[in-house]
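K.L.:
Here it is, the structure in full.
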Amino acid sequence: MQGAEYEQDSETRRMALVGTDGHADAHGDAHGHDEEHEHIHIPPPSYWPIVLAACITVMFVGFLSTLVISGIGALFVLIVMIAWGLEGSESVPTALSGIPVIGGGDAEDKLVPGARVITSDGRLVGRVTQASQNSPLVKAGWIPTRYGYLARSAIDHIEEGAIILTLTEQQVRERGNVDTTPAGPVTNRAITTTERGI
Amino acid sequence: MATVTTPGISIAPPPTYAPGKSAAAVIWDWMTTVDHKKIGVMYIFLGIIYFIVGGVEALLIRAQLATPNGKVLTPTQYDQVFTMHATTMIFLFIIPVFAGFANYFIPLMIGARDMAFPRLNAFGLWMLLFGGLFLNSSFFLGGAPDAGWFAYAPLTEPAYNPGRSMDFWAAGLTLLGISSIVGSINIIVTTLKMRCPGMRFNTLPLFVWTTLVQNFLLLFALPSLTTAAIFLLFDRHLGTSFFKAENGGDPLLWQHLFWAFGHPEVYILILPVFGIISETLPVFSRKPIFGYIFIAWSSVAIGFLSFVVWVHHMFATGLPDVALAFFASSTTLIAIPTAVKVFNWTATLWGGSIVTKTPLLFSVAFLTMFPIGGLSGVSLAVVPFDWQITDTYYVVAHIHYVFFGGSALGILAALYYWFPKITGRMMSEKLGVWNFWLVFIGLNLTFFPMHMLGLLGMPRRQWTYHEGLGWNLYNFVASIGAFTIAAGILLLIINLVASFRSGERAGADPWDAWTLEWATTSPPPEYNFVKTPVVRSRRPLWDQKHPDDQDWMRGEH
């Protein structure tokens with residue numbers, strides 16, 4: 001049992017803490033206080049806040065040294081603000097239980113940050129940025145960056161460091177409006193530190 | 001440690017920063033996170049780091065003043081150290097730690113999953129980090145700011161301060177101001193718009209109430225400081241004369257702009273503690289808070305009044321009598337809602353079943369120390385008295401009883417109270433009690449003698465002093481006290497680290513508390529609550545634990 005929440009009994013108006021399974025509820029299976037499905041939306045991570053703060057600081061460093069640095073800082077502030085604005089924030093959790101896993105270990109072991117998401121015809125969609133066991137978050141593209149949780153129905157199987165989709169590049173484009181690049185060979189070797197880092 | 005486990009709540013799932021990820025992945029995770037809890041932890045961590053930096057600066061000051069004719073620091077170094085001590089403690093310790101607690105606990109207390117603007121939240125944190133680094137880098141780039149934390153003109157003008165140090169100060173505070181402003185917008189919007197069903201203003205936890213008021217103060221007071229800092233940069237680099245009397249400017253304009261920020265700032269630094277104490281005292285006296293409505297709305301009154309008292313910092317500048325009378329009256333007036341709160345907290349303890357844990361020790365210490373600073377503040381509202389002790393150690397004693405006896409003790413109470421929720425582990429009570437007594441004795445040894453030093457005429461910011469002035473003993477005792485506090489803080493750090501690594505498991509609700517943050521696991525999952533809570537009273541967990549005696553059934557909020 002993970003977590004707990006309030007549930008209102010509409011007849012007695014009493015409040016009660018009801019232990020529930022976080023795994024199931026995180027996927028919208030639980031009933032909320034109003035008996036409707038409650039989807040949990042957690043905002044995806046983003047590196048733009050720290051980049052913007054750094055650029056603003058560079059701009060101020062310029063005030064104390066040379067305005068050229070301020071100008072460069074200001075330019076990057078503008079670029080980063082636009083990039084931040086274009087960054088997507090969609091996040092729809094989906095379960096991964098029951099997905100075939102190739103090789104040793106299970107899905108949780110293999111879904112580390114940095115794992116590649118590859119179409120059935122070998123194109124790279126993006127990488128896992130948040131390796132939650134229930135709902136890996138995938139980042140695609142740089143500017144603009146898009147995030148999204150993988151739909152279970154779109155996953156064919158999981159290998160070392162890679163999630164292979166049931167969809168072709170064309171189907172991904174039609175569904176997700178994301179760009180793809182050649183993925184390179186999918187190997188069964190252990191994930192290196194470089195690959196695990198993002 | 002008796003741990004009360006609420007039925008239906010289990011130990012939290014492993015946090016996402018649990019072992020198993022590479023170091024790079026963990027660092028990246030924290031750098032890109034927009035989770036209000038991780039951001040809150042980083043705010044608190046940064047604040048504690050800067051607390052240590054500011055504390056070392058304080059020890060240098062006290063080492064220099066421990067004996068007459070001290071030679072620990074040169075006069076220039078001394079000016080830099082006392083300026084950066086105050087700047088660090090105010091802008092890089094107290095404000096960030098409060099921002100951390102607000103970030104972590106406001107969404108939990110109001111039943112939300114995150115802050116209203118998660119990425120803006122992260123941006124505020126990183127601005128704090130870079131602003132602090134920017135400010136402190138001045139130590140290595142030509143000299144730290146050295147004109148005092150309120151940086152009076154014309155001392156800060158290029159003619160008297162030609163280096164880069166005041167540029168670092170003005171630009172650094174502007175960066176930190178950006179951090180505070182985005183943070184305050186976020187907290188205000190979160191509180192106003194993201195409360196769970198049933199969480200009316202009349203049922204809002206008092207920590208949320210006082211933090212809401214604090215952030216309105218930040219939002220409206222900081223622009224005055226930012227404006228003043230930018231005017232100063234213009235004076236220093238573009239040849240303007242906002243504060244240059246020789247060109248028609250007005251040095252007193254700086255004082256007005258600074259204190260129009262600076263006095264609300266005092267309440268910015270104490271209001272969240274009012275909220276923290278209002279959370280801890282009921283839990284550890286096993287009684288509802290006495291006078292909830294008064295505590296909540298008097299915080300609002302304090303918020304308004306804090307904007308009309310700033311001139312009491314300027315009584316010695318030759319203002320007209322009518323101005324002196326007005327601001328002396330308003331300063332006395334603001335003491336009333338503050339003082340009545342003290343009676344509220346005392347009445348909460350009165351007749352309660354006191355549970356003597358470390359958070360309570362620090363809370364009660366606040367209850368006794370903060371009024372000393374408050375009362376000396378009232379004495380400073382008496383204009384003829386103020387003229388006598390302006391810029392003496394009496395004022396230093398006053399402000400330290402407010403900031404250390406008030407803000408710092410409140411922060412320590414909050415650390416011990418909420419550490420189990422943040423980490424899932426209890427802090428050591430044994431170390432906590434030692435920590436408490438060292439800090440409590442140390443603060444009184446340090447700051448109480450400063451009242452006498454001020455009355456004996458010792459000016460603040462004095463590099464050293466000669467023998468035979470009657471100041472030796474008081475200064476020596478104050479220095480002993482400062483190192484006693486340092487020993488206490490060292491124990492705190494040891495306690496934090498040791499408890500984080502191997503403290504007793506806390507469970508979801510180790511204090512048998514009543515607010516929503518204790519309804520979820522310790523530490524909470526990323527989504528806080530599986531389903532959005534619904535509340536009917538100010539003590540939702542009491543209602544849950546006592547189904548036949550719920551507050552709302554008795555007509556109580």
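Note on naming: chains are A, B, ... as they come in the structure tokens, residues start from 1 per chain, ligands start from 1 in the order shown.
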Quick one: residues within 10 Å of Asp386 (chain B), only C-alpha atoms, excluding same-chain residues fewer than 3 positions away - as a PyMOL selection string?

P.N.:
chain B and resi 312-316+377+379-383+389-392+394-395

K.L.:
Compile the contact shell of Ile72 (chain A) as a PDB file with N, CA and C atoms, in the first residue's frame: residues with an atom at most 9 Å away, counting only C-alpha atoms, same-chain residues fewer than 6 positions apart removed.

P.N.:
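In the end it all went to out.pdb:
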```
ATOM      1  N   CYS A  55      22.021  32.563 -17.637  1.00  0.00           N
ATOM      2  CA  CYS A  55      22.163  33.611 -18.658  1.00  0.00           C
ATOM      3  C   CYS A  55      21.921  34.994 -18.057  1.00  0.00           C
ATOM      4  N   VAL A  58      24.996  35.951 -16.234  1.00  0.00           N
ATOM      5  CA  VAL A  58      26.045  36.376 -17.175  1.00  0.00           C
ATOM      6  C   VAL A  58      25.799  37.817 -17.602  1.00  0.00           C
ATOM      7  N   MET A  59      24.538  38.147 -17.825  1.00  0.00           N
ATOM      8  CA  MET A  59      24.194  39.517 -18.213  1.00  0.00           C
ATOM      9  C   MET A  59      24.638  40.506 -17.132  1.00  0.00           C
ATOM     10  N   GLY A  62      28.333  41.074 -16.931  1.00  0.00           N
ATOM     11  CA  GLY A  62      28.747  42.054 -17.919  1.00  0.00           C
ATOM     12  C   GLY A  62      28.682  43.482 -17.402  1.00  0.00           C
TER      13      GLY A  62
END
```

K.L.:
Within 6 Å of chain A, which residues of chain B are there when counting only C-alpha atoms? Please give them as a VMD selection string.

P.N.:
chain B and resid 8 to 9 24 to 25 32 to 34 122 to 123 126 to 127 520 to 521 529 to 531 533 544

K.L.:
Would you mind exporting the chosen residues as a short mmCIF file (atom, residue, chain, number, x, y, z; two decimals), in the first residue's frame, restricted to N, CA and C atoms?

P.N.:
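Saved to out-v1.cif:
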```cif
data_model
loop_
_atom_site.label_atom_id
_atom_site.label_comp_id
_atom_site.auth_asym_id
_atom_site.auth_seq_id
_atom_site.Cartn_x
_atom_site.Cartn_y
_atom_site.Cartn_z
N GLY B 8 -3.62 3.09 7.62
CA GLY B 8 -3.84 3.41 6.22
C GLY B 8 -2.69 4.12 5.57
N ILE B 9 -1.66 4.44 6.37
CA ILE B 9 -0.51 5.13 5.80
C ILE B 9 0.71 4.25 6.00
N ALA B 24 25.87 11.18 -12.04
CA ALA B 24 25.51 12.17 -13.05
C ALA B 24 24.00 12.24 -13.22
N ALA B 25 23.36 11.06 -13.19
CA ALA B 25 21.90 11.05 -13.36
C ALA B 25 21.21 11.71 -12.18
N THR B 32 17.29 19.56 -13.04
CA THR B 32 16.17 19.80 -13.95
C THR B 32 14.82 19.61 -13.27
N THR B 33 14.84 19.32 -12.00
CA THR B 33 13.57 19.02 -11.34
C THR B 33 12.68 20.25 -11.25
N VAL B 34 11.40 20.01 -11.31
CA VAL B 34 10.43 21.08 -11.03
C VAL B 34 9.51 20.65 -9.88
N ALA B 122 11.49 26.53 -10.06
CA ALA B 122 12.88 26.12 -10.23
C ALA B 122 13.74 27.32 -10.60
N PHE B 123 13.21 28.19 -11.44
CA PHE B 123 13.96 29.38 -11.85
C PHE B 123 14.31 30.25 -10.63
N TRP B 126 17.27 28.73 -8.81
CA TRP B 126 18.57 28.89 -9.47
C TRP B 126 19.02 30.33 -9.46
N MET B 127 18.08 31.28 -9.50
CA MET B 127 18.48 32.69 -9.37
C MET B 127 19.10 32.92 -8.00
N THR B 520 0.18 12.11 4.21
CA THR B 520 0.84 11.32 3.18
C THR B 520 2.12 10.72 3.75
N THR B 521 2.79 9.94 2.94
CA THR B 521 3.95 9.21 3.45
C THR B 521 5.13 10.15 3.72
N PHE B 529 -0.43 13.36 -3.06
CA PHE B 529 -1.62 12.62 -2.62
C PHE B 529 -2.14 11.81 -3.81
N VAL B 530 -2.55 10.59 -3.53
CA VAL B 530 -3.08 9.77 -4.62
C VAL B 530 -4.35 10.40 -5.17
N LYS B 531 -5.20 10.85 -4.25
CA LYS B 531 -6.39 11.58 -4.68
C LYS B 531 -6.44 12.90 -3.94
N PRO B 533 -7.28 15.61 -1.55
CA PRO B 533 -7.99 15.56 -0.27
C PRO B 533 -9.20 16.49 -0.25
N GLN B 544 -9.99 12.70 10.89
CA GLN B 544 -9.81 11.34 10.41
C GLN B 544 -9.55 10.37 11.56
#
```

K.L.:
I need the residue nearest Ile48 (chain B) from this list: B:Ala506, B:Ile27, B:Val208, B:Leu412. Use only C-alpha atoms for the distance.

P.N.:
B:Leu412

K.L.:
Nearest to Ile102 (chain A) among A:Leu165, A:Val68, A:Ile158, A:Leu124, with distances taken over only C-alpha atoms: which residue is it?

P.N.:
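Among the listed residues, the smallest separation from Ile102 (chain A) belongs to A:Ile158.
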
K.L.:
Which neighbours of Arg116 (chain A) fall inside 9 Å, counting only C-alpha atoms, when residues of the same chain fewer than 3 positions from it are skipped, and could you give them as an mmCIF file with C-alpha atoms, in the first residue's frame?

P.N.:
```
data_model
loop_
_atom_site.group_PDB
_atom_site.id
_atom_site.type_symbol
_atom_site.label_atom_id
_atom_site.label_comp_id
_atom_site.auth_asym_id
_atom_site.auth_seq_id
_atom_site.Cartn_x
_atom_site.Cartn_y
_atom_site.Cartn_z
ATOM 1 C CA PRO A 113 17.461 7.665 -17.668
ATOM 2 C CA LEU A 124 15.355 7.278 -32.632
ATOM 3 C CA VAL A 125 12.415 9.185 -31.143
ATOM 4 C CA GLY A 126 14.013 10.409 -27.910
ATOM 5 C CA ARG A 127 15.367 9.313 -24.578
ATOM 6 C CA VAL A 128 13.900 8.442 -21.227
ATOM 7 C CA VAL A 138 10.433 10.622 -22.783
ATOM 8 C CA GLY A 161 18.982 0.608 -22.884
ATOM 9 C CA ALA A 162 16.221 0.764 -25.471
ATOM 10 C CA ILE A 163 12.440 0.709 -25.732
ATOM 11 C CA ILE A 164 11.280 -0.627 -29.062
ATOM 12 C CA ALA A 183 18.901 5.104 -34.093
ATOM 13 C CA GLU A 195 24.360 6.536 -21.947
#
```

K.L.:
Out of region 191-221 of chain B, which residues get alpha helix (DSSP H) from DSSP, as number ranges by chain?

P.N.:
B: 191-193, 206-221

K.L.:
Which residue, B:Gln64, B:Ser522, B:Asn136, B:Thr88, has the smallest gap to Lys421 (chain B) when you use only C-alpha atoms?

P.N.:
B:Ser522
